[in-house]
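All remarks here apply to the structure that follows.
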Amino acid sequence: MIPVNVIFSPDWWNRRFGISFEEPFYLDVETRISNDVLMRRGLHELFGIGAPNPEARPIIGSRHIAGGFVMPALMGVPIRFSMGQAAWPMPLNLDRDRVISLRAPDIANTWPINVLLEQMDTLENRFGYVTGDLNTGGIFNTAMELRGNDLFADLKEDPELTEHLFSIVSATLVNVSKWVQRRTGTTSIAVNRSLLSVDRAIHLTSNCSVSMIAPRLYESRILPHEIGVANRLAPFGIHHCGGNLQKYAEQYNRIDLRFLDVGFGSDLEACNRLYSKAFLNLRMNPVHLLQDSEDRIYREVRDSLQACGRTSNVGVCCINMDGLTPDQNVKAMFQAVSDFEAEVSPV
């Protein structure tokens with residue numbers, strides 16, 4: 001069966017169900033649990049996803065929105081919370097001296113991890129277990145939130161700075177992920193719920209910003225740190241939302257990849273050939289889901305699956321759909337996958 005997953009933007013949840021994404025959504029136990037029930041029930045009512053009457057569960061991080069703030073917040077980046085938007089890290093734009101002076105934080109005693117760790121104890125005492133995890137982002141993403149746009153120049157001009165910064169971010173990312181993994185058994189369902197259809201043990205790192213630099217530059221500056229993270233958090237996958245995944249095959253294939261988020265616009269035939277062992281999660285374009293017709297969405301999903309050429313080890317998702325996205329377009333995506341699967345399945 002080809003899995004399909006949808007993630008709606010906070011704006012969608014706010015418009016449709018009145019959910020506020022201010023700080024309590026993330027860091028208040030009762031708010032988080034009640035919103036999780038509301039969101040699961042809403043997805044079933046609208047799209048038949050999940051169960052009609054979900055019970056409360058001891059969730060530590062929401063599975064129903066994209067984006068993460070824990071890593072930058074842990075490293076001192078201010079976070080902006082608002083009703084209809086995801087938590088937004090406000091880049092520090094640290095100067096060189098402050099970057100070189102950075103050290104890995106004591107995560108057990110630093111906000112917000114200290115709050116969440118205490119809540120894990122509370123949830124385990126109440127329910128007997130804890131579920132869910134935290135979006136820990138990726139090396140380059142978090143480094144940009146600390147250094148800002150100067151990091152692009154640093155990649156060419158200041159290897160001492162980038163080596164230090166990426167080392168600190170990598171160590172912190174691993175520490176946070178390991179700590180959560182020991183309590184819940186997962187690290188990355190909050191990054192992409194599609195992992196539940198593949199292997200919930202996979203750690204998925206977010207390489208949103210990597211698509212903006214040349215593969216060779218990624219290889220020389222970031223890849224060695226990525227390999228180190230992958231070795232410590234195996235099994236491993238990469239979220240690459242840029243429309244150029246095929247261009248990084250030589251570099252990415254130096255990692256034992258179990259899962260790849262394939263950014264819309266990537267060459268799907270090439271990705272199928274170049275990443276033959278990894279599960280390919282084909283990302284649809286949320287702008288198209290918002291603006292295009294139901295028929296065009298249906299064709300686009302079918303065309304993507306046909307271009308990829310797989311009938312297994314493949315999935316489809318659309319992430320961060322806008323608050324005004326028509327329900328029929330979302331349903332068209334599900335229908336397209338179902339029809340494609342019925343046509344290619346042996347009788």
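Residue numbers start at 1 in each chain; chains themselves are named A, B, ... in the order of the structure tokens; ligands are numbered from 1 in the order shown.
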
Just the residues within 12 Å of Arg98 of chain A, please, counting only C-alpha atoms, with nothing from its chain fewer than 2 positions along; format it as a VMD selection string. chain A and resid 76 92 to 96 100 to 103 146 to 147 161 164 to 165

Let's see if you can do this: from backbone DSSP, list all alpha helix (DSSP H) residues in segment 314-345 of chain A, as a count of residues only. 18

For Thr325 of chain A, which residue among A:Phe166, A:Phe8, A:Tyr248, A:Trp88 is the nearest when counting only C-alpha atoms?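 Among A:Phe166, A:Phe8, A:Tyr248, A:Trp88, it is A:Phe8 that comes nearest to Thr325 of chain A.
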
Counting only C-alpha atoms, the residue of A:Ala270, A:Val70, A:Ile189, A:Val301 that sits nearest Asp339 of chain A: A:Val301

Show me, as a PyMOL selection string, the residues that have an atom within 12 Å of Thr187 of chain A when counting only C-alpha atoms, minus same-chain residues fewer than 3 positions from it. chain A and resi 60-61+63+131-137+173-184+190-193+195-196+199-205+233-237

From a DSSP pass on the backbone, collect the residues of segment 258-319 of chain A flagged as strand (DSSP E or B) and hand them back as a count of residues only. 16

Residues near Ala153 of chain A, cut-off 12 Å, only C-alpha atoms, skip fewer than 6 positions along chain, as a short mmCIF file (atom, residue, chain, number, x, y, z; two decimals) with N, CA and C atoms, in the first residue's frame:
```cif
data_model
loop_
_atom_site.label_atom_id
_atom_site.label_comp_id
_atom_site.auth_asym_id
_atom_site.auth_seq_id
_atom_site.Cartn_x
_atom_site.Cartn_y
_atom_site.Cartn_z
N MET A 144 22.21 28.26 10.64
CA MET A 144 21.78 29.53 10.04
C MET A 144 21.00 30.38 11.03
N ARG A 147 23.93 31.96 13.15
CA ARG A 147 24.88 32.84 12.47
C ARG A 147 24.21 33.80 11.49
N PRO A 159 36.57 28.24 7.26
CA PRO A 159 36.38 26.84 7.67
C PRO A 159 36.52 26.62 9.18
N LEU A 161 35.41 28.61 11.56
CA LEU A 161 34.11 28.93 12.15
C LEU A 161 33.08 27.84 11.85
N THR A 162 32.98 27.43 10.57
CA THR A 162 31.96 26.44 10.23
C THR A 162 32.23 25.10 10.91
N ILE A 213 22.93 25.50 -1.50
CA ILE A 213 24.39 25.53 -1.70
C ILE A 213 24.79 24.41 -2.65
N LEU A 217 30.16 21.97 -2.05
CA LEU A 217 30.34 22.76 -0.83
C LEU A 217 29.71 22.04 0.36
#
```

When distances are computed from only C-alpha atoms, which of A:Lys247, A:Val29, A:Thr311, A:Glu300 shows the smallest separation from Leu117 of chain A? A:Val29

For Val198 of chain A: contacts at 10 Å, only C-alpha atoms, fewer than 5 positions along chain excluded, given as a PyMOL selection string: chain A and resi 3+193+258-259+279+313-315

Near Pro215 of chain A, within 12 Å and counting only C-alpha atoms, which residues show up once chain neighbours fewer than 5 positions away are dropped, as a count of residues only? 15

When you count only C-alpha atoms, which of these residues is closest to Asn149 of chain A: A:Met120, A:Met212, A:Val115, A:Leu43? A:Met212

Could you check which of A:His225, A:Arg273, A:His44, A:Arg232 is closest to Ile139 of chain A, using only C-alpha atoms?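 Smallest distance to Ile139 of chain A is found for A:His225.
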